[in-house]
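Undergrad: Sending over a structure as structure tokens; questions will come in a sec.
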Amino acid sequence: KQEVTQIPAALSVPEGENLVLNCSFTDSAIYNLQWFRQDPGKGLTSLLLIQSSQREQTSGRLNASLDKSSGRSTLYIAASQPGDSATYLCAVLPYGGSQGNLIFGKGTKLSVKP
Amino acid sequence: EAGVAQSPRYKIIEKRQSVAFWCNPISGHATLYWYQQILGQGPKLLIQFQNNGVVDDSQLPKDRFSAERLKGVDSTLKIQPAKLEDSAVYLCASSFSTYEQYFGPGTRLTVT
């Protein structure tokens, strides 16, 4: 059974700091891995999607890496800003079963202090 | 492009009452998903539709939850009767392919 773990559960950093959020998964048989952002009381916003054949994806100040063999992904945020404060969720789309069944971690709650 | 629409945004009901949530996916998206997100947890898939057919409802508590997608567009998720443990955010998502899902703002349900 696929399980997704995110560490740390919460993180507080000063503005301008570079930071890394971690995601691990137990089964490497995945189609892709996705990072989402969730603001309080809001839905999920997709940040980056990495296909299983890719090693990383970049969008602006965000860079996500994927190492399928070790079951790990990292989300790197450069020059953090207070507006980056949110909960970041990692999800994998496993092979087999329903192709829509994203398996999510519990998220990392990020707080960026001005 | 308009995003996924959901209503209501908030709902408070007493246990044993019934409630319904509505979702309008992005135009042209054939696949629609309903997720349940309990506080402090990641979302969990309840049901997936491809057009108006059910692809996966293995995690839907069918004794109290039901969902339909009429004409392959809008969808309704119903809970009857509600229990305290149904308190959660109910998220609707849609996708053109099965590989990237777009989420709505969610409906926050509180069962008292």
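Please note that chains go A, B, ... in the order of the structure tokens, that every chain numbers its residues from 1, and that ligands are numbered from 1 in the order shown.
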Return as an MDAnalysis selection string the full set of residues in range 37-113 of chain A whose backbone-based DSSP assignment is strand (DSSP E or B).
TA: chainID A and resid 37:38 44:51 56:59 62:67 72:77 86:94 103:104 108:113
Undergrad: Could you write out that same residue set with C-alpha atoms as a compact mmCIF listing (two decimals), in the first residue's frame?
TA:
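And here is the file that came out, result03.txt:
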```
# COMPACT_ATOMS: atom_id res chain seq x y z
CA ARG A 37 -0.17 24.61 -2.18
CA GLN A 38 -3.18 25.04 0.10
CA LEU A 44 -5.42 23.10 -3.69
CA THR A 45 -3.29 24.89 -6.25
CA SER A 46 -0.96 22.74 -8.32
CA LEU A 47 2.62 24.04 -8.21
CA LEU A 48 4.70 21.46 -10.04
CA LEU A 49 4.11 18.05 -11.60
CA ILE A 50 7.03 15.70 -12.22
CA GLN A 51 6.51 12.73 -14.54
CA GLU A 56 13.10 17.79 -11.72
CA GLN A 57 10.77 20.64 -12.64
CA THR A 58 11.19 24.37 -12.11
CA SER A 59 8.73 27.22 -11.94
CA LEU A 62 10.30 26.77 -7.02
CA ASN A 63 12.26 23.67 -7.94
CA ALA A 64 11.03 20.13 -7.36
CA SER A 65 13.18 17.04 -7.67
CA LEU A 66 12.23 13.38 -7.89
CA ASP A 67 14.32 10.33 -7.03
CA ARG A 72 11.97 10.84 -2.32
CA SER A 73 11.07 14.27 -3.60
CA THR A 74 12.09 17.71 -2.45
CA LEU A 75 10.53 21.11 -3.05
CA TYR A 76 13.08 23.93 -2.96
CA ILE A 77 11.81 27.47 -2.43
CA ALA A 86 0.70 28.10 3.28
CA THR A 87 0.48 24.34 3.62
CA TYR A 88 2.40 22.41 0.97
CA LEU A 89 1.12 18.98 0.00
CA CYS A 90 2.90 16.26 -1.91
CA ALA A 91 0.91 13.62 -3.82
CA VAL A 92 1.81 10.61 -5.94
CA LEU A 93 -0.24 8.94 -8.66
CA PRO A 94 0.48 5.20 -8.36
CA ILE A 103 -2.16 9.57 -2.60
CA PHE A 104 -1.41 12.62 -0.48
CA THR A 108 4.06 20.82 5.67
CA LYS A 109 2.73 24.07 7.12
CA LEU A 110 5.14 26.84 6.16
CA SER A 111 5.26 30.21 7.87
CA VAL A 112 7.56 32.91 6.49
CA LYS A 113 8.11 35.76 8.94
```
Undergrad: When the cut-off is 6 Å and we count only C-alpha atoms, which residues of chain B are near chain A, given as number ranges by chain?
TA: B: 41-42, 98, 103-106
Undergrad: Which residues, written as a ChimeraX atom specification, have at least one atom at most 8 Å from range 75-89 of chain B, with only C-alpha atoms counted and residues fewer than 4 positions away on the same chain left out?
TA: /B:14-24,34,36-39,64-70,106-112
Undergrad: Only N, CA, C and O atoms, please: the residues just picked out, written as a compact mmCIF listing (two decimals), in the first residue's frame.
TA:
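Okay, this is what ended up in part-v2.txt:
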```
# COMPACT_ATOMS: atom_id res chain seq x y z
N GLU B 14 -26.72 19.28 11.78
CA GLU B 14 -26.71 18.39 12.94
C GLU B 14 -26.57 16.95 12.46
O GLU B 14 -26.96 16.62 11.33
N LYS B 15 -26.02 16.12 13.36
CA LYS B 15 -25.88 14.70 12.98
C LYS B 15 -27.25 14.12 12.65
O LYS B 15 -28.28 14.56 13.18
N ARG B 16 -27.23 13.19 11.74
CA ARG B 16 -28.42 12.49 11.22
C ARG B 16 -29.17 13.30 10.16
O ARG B 16 -30.07 12.76 9.53
N GLN B 17 -28.77 14.58 9.95
CA GLN B 17 -29.37 15.33 8.85
C GLN B 17 -28.69 14.96 7.54
O GLN B 17 -27.66 14.26 7.52
N SER B 18 -29.27 15.42 6.44
CA SER B 18 -28.68 15.18 5.13
C SER B 18 -28.12 16.48 4.56
O SER B 18 -28.51 17.57 4.97
N VAL B 19 -27.17 16.32 3.63
CA VAL B 19 -26.53 17.50 3.03
C VAL B 19 -26.10 17.13 1.61
O VAL B 19 -25.83 15.95 1.32
N ALA B 20 -26.05 18.13 0.73
CA ALA B 20 -25.61 17.89 -0.64
C ALA B 20 -24.65 18.98 -1.06
O ALA B 20 -24.83 20.17 -0.71
N PHE B 21 -23.65 18.59 -1.82
CA PHE B 21 -22.65 19.51 -2.34
C PHE B 21 -22.68 19.45 -3.85
O PHE B 21 -22.89 18.39 -4.44
N TRP B 22 -22.39 20.59 -4.47
CA TRP B 22 -22.44 20.68 -5.93
C TRP B 22 -21.08 21.07 -6.48
O TRP B 22 -20.34 21.84 -5.87
N CYS B 23 -20.75 20.54 -7.65
CA CYS B 23 -19.49 20.84 -8.31
C CYS B 23 -19.70 21.03 -9.80
O CYS B 23 -20.38 20.22 -10.44
N ASN B 24 -19.10 22.07 -10.34
CA ASN B 24 -19.09 22.31 -11.78
C ASN B 24 -17.65 22.29 -12.25
O ASN B 24 -16.87 23.18 -11.87
N TRP B 34 -14.16 13.56 -6.40
CA TRP B 34 -14.54 14.09 -5.09
C TRP B 34 -13.55 13.54 -4.06
O TRP B 34 -13.32 12.33 -3.99
N GLN B 36 -12.26 13.86 0.20
CA GLN B 36 -12.57 14.27 1.57
C GLN B 36 -11.26 14.61 2.27
O GLN B 36 -10.32 13.81 2.25
N GLN B 37 -11.18 15.81 2.87
CA GLN B 37 -9.97 16.19 3.61
C GLN B 37 -10.34 16.50 5.05
O GLN B 37 -10.94 17.54 5.35
N ILE B 38 -9.97 15.58 5.93
CA ILE B 38 -10.17 15.79 7.36
C ILE B 38 -9.06 16.69 7.88
O ILE B 38 -7.92 16.63 7.38
N LEU B 39 -9.36 17.51 8.86
CA LEU B 39 -8.40 18.48 9.38
C LEU B 39 -7.08 17.83 9.73
O LEU B 39 -7.03 16.83 10.45
N ARG B 64 -23.95 5.68 3.37
CA ARG B 64 -24.44 7.03 3.68
C ARG B 64 -24.08 8.06 2.61
O ARG B 64 -24.68 9.14 2.58
N PHE B 65 -23.09 7.77 1.79
CA PHE B 65 -22.65 8.71 0.77
C PHE B 65 -23.15 8.24 -0.61
O PHE B 65 -23.13 7.04 -0.90
N SER B 66 -23.54 9.21 -1.42
CA SER B 66 -23.88 8.91 -2.81
C SER B 66 -23.44 10.08 -3.69
O SER B 66 -23.30 11.21 -3.21
N ALA B 67 -23.17 9.78 -4.94
CA ALA B 67 -22.74 10.83 -5.86
C ALA B 67 -23.27 10.51 -7.24
O ALA B 67 -23.43 9.35 -7.60
N GLU B 68 -23.53 11.57 -7.99
CA GLU B 68 -23.95 11.38 -9.37
C GLU B 68 -23.39 12.50 -10.23
O GLU B 68 -23.05 13.58 -9.74
N ARG B 69 -23.28 12.19 -11.51
CA ARG B 69 -22.78 13.19 -12.46
C ARG B 69 -23.68 13.12 -13.68
O ARG B 69 -23.48 12.29 -14.56
N LEU B 70 -24.65 13.98 -13.69
CA LEU B 70 -25.64 13.97 -14.75
C LEU B 70 -25.05 14.60 -16.01
O LEU B 70 -24.39 15.64 -15.94
N GLY B 106 -13.47 24.00 -2.42
CA GLY B 106 -13.90 23.11 -1.36
C GLY B 106 -15.15 23.59 -0.63
O GLY B 106 -15.50 24.78 -0.67
N THR B 107 -15.80 22.64 0.03
CA THR B 107 -16.93 22.93 0.92
C THR B 107 -16.55 22.44 2.31
O THR B 107 -16.24 21.26 2.49
N ARG B 108 -16.58 23.34 3.28
CA ARG B 108 -16.25 22.96 4.65
C ARG B 108 -17.53 22.55 5.36
O ARG B 108 -18.43 23.36 5.56
N LEU B 109 -17.61 21.28 5.74
CA LEU B 109 -18.79 20.75 6.43
C LEU B 109 -18.49 20.56 7.90
O LEU B 109 -17.49 19.95 8.26
N THR B 110 -19.37 21.10 8.74
CA THR B 110 -19.30 20.86 10.18
C THR B 110 -20.57 20.15 10.61
O THR B 110 -21.68 20.64 10.36
N VAL B 111 -20.40 18.98 11.24
CA VAL B 111 -21.53 18.21 11.75
C VAL B 111 -21.52 18.31 13.27
O VAL B 111 -20.51 17.97 13.90
N THR B 112 -22.62 18.82 13.84
CA THR B 112 -22.67 19.02 15.29
C THR B 112 -23.59 18.00 15.97
O THR B 112 -24.41 17.37 15.31
```
Undergrad: Which neighbours of Asp57 in chain B fall inside 9 Å, counting only C-alpha atoms, when residues of the same chain fewer than 6 positions from it are skipped, and could you give them as a ChimeraX atom specification?
TA: /B:45-49
Undergrad: Give me the residues within 9 Å of Ser80 in chain A as a PDB file with all heavy atoms, in the first residue's frame, counting only C-alpha atoms and dropping any in the same chain fewer than 4 places off.
TA:
```pdb
ATOM      1  N   VAL A  13      10.347  30.161   9.019  1.00  0.00           N
ATOM      2  CA  VAL A  13      11.627  30.707   8.574  1.00  0.00           C
ATOM      3  C   VAL A  13      11.507  32.211   8.431  1.00  0.00           C
ATOM      4  O   VAL A  13      10.409  32.745   8.217  1.00  0.00           O
ATOM      5  CB  VAL A  13      12.062  30.089   7.229  1.00  0.00           C
ATOM      6  CG1 VAL A  13      12.215  28.568   7.350  1.00  0.00           C
ATOM      7  CG2 VAL A  13      11.109  30.448   6.106  1.00  0.00           C
ATOM      8  N   PRO A  14      12.616  32.945   8.508  1.00  0.00           N
ATOM      9  CA  PRO A  14      12.590  34.383   8.244  1.00  0.00           C
ATOM     10  C   PRO A  14      12.553  34.639   6.744  1.00  0.00           C
ATOM     11  O   PRO A  14      13.045  33.839   5.937  1.00  0.00           O
ATOM     12  CB  PRO A  14      13.889  34.881   8.870  1.00  0.00           C
ATOM     13  CG  PRO A  14      14.796  33.710   8.821  1.00  0.00           C
ATOM     14  CD  PRO A  14      13.941  32.502   8.984  1.00  0.00           C
ATOM     15  N   GLU A  15      11.978  35.747   6.382  1.00  0.00           N
ATOM     16  CA  GLU A  15      11.885  36.142   4.984  1.00  0.00           C
ATOM     17  C   GLU A  15      13.272  36.167   4.327  1.00  0.00           C
ATOM     18  O   GLU A  15      14.262  36.593   4.928  1.00  0.00           O
ATOM     19  CB  GLU A  15      11.250  37.537   4.881  1.00  0.00           C
ATOM     20  CG  GLU A  15      11.057  38.065   3.480  1.00  0.00           C
ATOM     21  CD  GLU A  15      10.360  39.409   3.463  1.00  0.00           C
ATOM     22  OE1 GLU A  15      10.099  39.958   4.556  1.00  0.00           O
ATOM     23  OE2 GLU A  15      10.066  39.901   2.360  1.00  0.00           O
ATOM     24  N   GLY A  16      13.318  35.719   3.080  1.00  0.00           N
ATOM     25  CA  GLY A  16      14.566  35.735   2.319  1.00  0.00           C
ATOM     26  C   GLY A  16      15.351  34.441   2.381  1.00  0.00           C
ATOM     27  O   GLY A  16      16.265  34.233   1.572  1.00  0.00           O
ATOM     28  N   GLU A  17      14.990  33.565   3.307  1.00  0.00           N
ATOM     29  CA  GLU A  17      15.723  32.305   3.452  1.00  0.00           C
ATOM     30  C   GLU A  17      15.325  31.325   2.349  1.00  0.00           C
ATOM     31  O   GLU A  17      14.177  31.273   1.917  1.00  0.00           O
ATOM     32  CB  GLU A  17      15.437  31.704   4.818  1.00  0.00           C
ATOM     33  CG  GLU A  17      16.359  30.582   5.212  1.00  0.00           C
ATOM     34  CD  GLU A  17      16.316  30.313   6.700  1.00  0.00           C
ATOM     35  OE1 GLU A  17      16.724  31.192   7.474  1.00  0.00           O
ATOM     36  OE2 GLU A  17      15.842  29.231   7.072  1.00  0.00           O
ATOM     37  N   ASN A  18      16.309  30.519   1.916  1.00  0.00           N
ATOM     38  CA  ASN A  18      16.038  29.404   1.015  1.00  0.00           C
ATOM     39  C   ASN A  18      15.640  28.207   1.869  1.00  0.00           C
ATOM     40  O   ASN A  18      16.184  27.995   2.953  1.00  0.00           O
ATOM     41  CB  ASN A  18      17.268  29.047   0.180  1.00  0.00           C
ATOM     42  CG  ASN A  18      17.753  30.216  -0.650  1.00  0.00           C
ATOM     43  OD1 ASN A  18      16.960  31.014  -1.144  1.00  0.00           O
ATOM     44  ND2 ASN A  18      19.068  30.340  -0.790  1.00  0.00           N
ATOM     45  N   LEU A  19      14.688  27.394   1.391  1.00  0.00           N
ATOM     46  CA  LEU A  19      14.237  26.271   2.216  1.00  0.00           C
ATOM     47  C   LEU A  19      13.893  25.055   1.365  1.00  0.00           C
ATOM     48  O   LEU A  19      13.638  25.172   0.161  1.00  0.00           O
ATOM     49  CB  LEU A  19      13.042  26.690   3.079  1.00  0.00           C
ATOM     50  CG  LEU A  19      11.808  27.170   2.333  1.00  0.00           C
ATOM     51  CD1 LEU A  19      10.785  26.045   2.242  1.00  0.00           C
ATOM     52  CD2 LEU A  19      11.178  28.381   3.033  1.00  0.00           C
ATOM     53  N   ARG A  61      10.571  30.628  -8.538  1.00  0.00           N
ATOM     54  CA  ARG A  61      11.457  30.381  -7.377  1.00  0.00           C
ATOM     55  C   ARG A  61      11.330  28.946  -6.838  1.00  0.00           C
ATOM     56  O   ARG A  61      11.962  28.606  -5.833  1.00  0.00           O
ATOM     57  CB  ARG A  61      11.110  31.375  -6.262  1.00  0.00           C
ATOM     58  CG  ARG A  61      11.384  32.830  -6.618  1.00  0.00           C
ATOM     59  CD  ARG A  61      11.086  33.765  -5.443  1.00  0.00           C
ATOM     60  NE  ARG A  61       9.667  33.811  -5.140  1.00  0.00           N
ATOM     61  CZ  ARG A  61       9.111  33.280  -4.058  1.00  0.00           C
ATOM     62  NH1 ARG A  61       9.866  32.638  -3.154  1.00  0.00           N
ATOM     63  NH2 ARG A  61       7.813  33.376  -3.847  1.00  0.00           N
ATOM     64  N   ASP A  84       4.507  33.249   0.683  1.00  0.00           N
ATOM     65  CA  ASP A  84       4.695  31.804   0.495  1.00  0.00           C
ATOM     66  C   ASP A  84       4.095  31.007   1.649  1.00  0.00           C
ATOM     67  O   ASP A  84       4.023  29.783   1.591  1.00  0.00           O
ATOM     68  CB  ASP A  84       6.187  31.464   0.390  1.00  0.00           C
ATOM     69  CG  ASP A  84       6.838  32.044  -0.857  1.00  0.00           C
ATOM     70  OD1 ASP A  84       6.140  32.205  -1.877  1.00  0.00           O
ATOM     71  OD2 ASP A  84       8.051  32.343  -0.791  1.00  0.00           O
ATOM     72  N   SER A  85       3.662  31.699   2.696  1.00  0.00           N
ATOM     73  CA  SER A  85       3.080  31.019   3.857  1.00  0.00           C
ATOM     74  C   SER A  85       1.810  30.274   3.447  1.00  0.00           C
ATOM     75  O   SER A  85       0.868  30.875   2.920  1.00  0.00           O
ATOM     76  CB  SER A  85       2.769  32.034   4.965  1.00  0.00           C
ATOM     77  OG  SER A  85       3.949  32.652   5.415  1.00  0.00           O
ATOM     78  N   VAL A 112       6.425  32.059   6.801  1.00  0.00           N
ATOM     79  CA  VAL A 112       7.558  32.911   6.486  1.00  0.00           C
ATOM     80  C   VAL A 112       7.350  34.250   7.192  1.00  0.00           C
ATOM     81  O   VAL A 112       6.394  34.978   6.910  1.00  0.00           O
ATOM     82  CB  VAL A 112       7.702  33.130   4.964  1.00  0.00           C
ATOM     83  CG1 VAL A 112       8.916  34.007   4.675  1.00  0.00           C
ATOM     84  CG2 VAL A 112       7.817  31.796   4.238  1.00  0.00           C
TER      85      VAL A 112
END
```
Undergrad: May I ask for the distance between CA of Asp56 in chain B and CA of Gly40 in chain B, given in Å to one decimal place?
TA: 24.5 Å
Undergrad: Would you pick out the contacts of Ser94 in chain B at 7 Å or less, using only C-alpha atoms, so that residues sharing its chain but fewer than 3 positions from it are not included, and give the list as a list in words?
TA: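 Final neighbour list, sorted by chain and number: Pro25, Ile26, His29, Thr31, Leu32, Tyr33, Gln101, Tyr102 and Phe103 of chain B.
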Undergrad: Mind writing the picked residues with C-alpha atoms as a CSV table (one decimal), in the first residue's frame?
TA:
```
chain,number,residue,atom,x,y,z
B,25,PRO,CA,-15.8,21.2,-13.4
B,26,ILE,CA,-13.7,23.1,-15.9
B,29,HIS,CA,-12.8,18.1,-18.5
B,31,THR,CA,-12.9,13.3,-15.4
B,32,LEU,CA,-14.3,14.5,-12.1
B,33,TYR,CA,-13.1,13.6,-8.6
B,101,GLN,CA,-6.0,17.6,-11.5
B,102,TYR,CA,-7.4,21.0,-10.9
B,103,PHE,CA,-9.1,21.6,-7.6
```
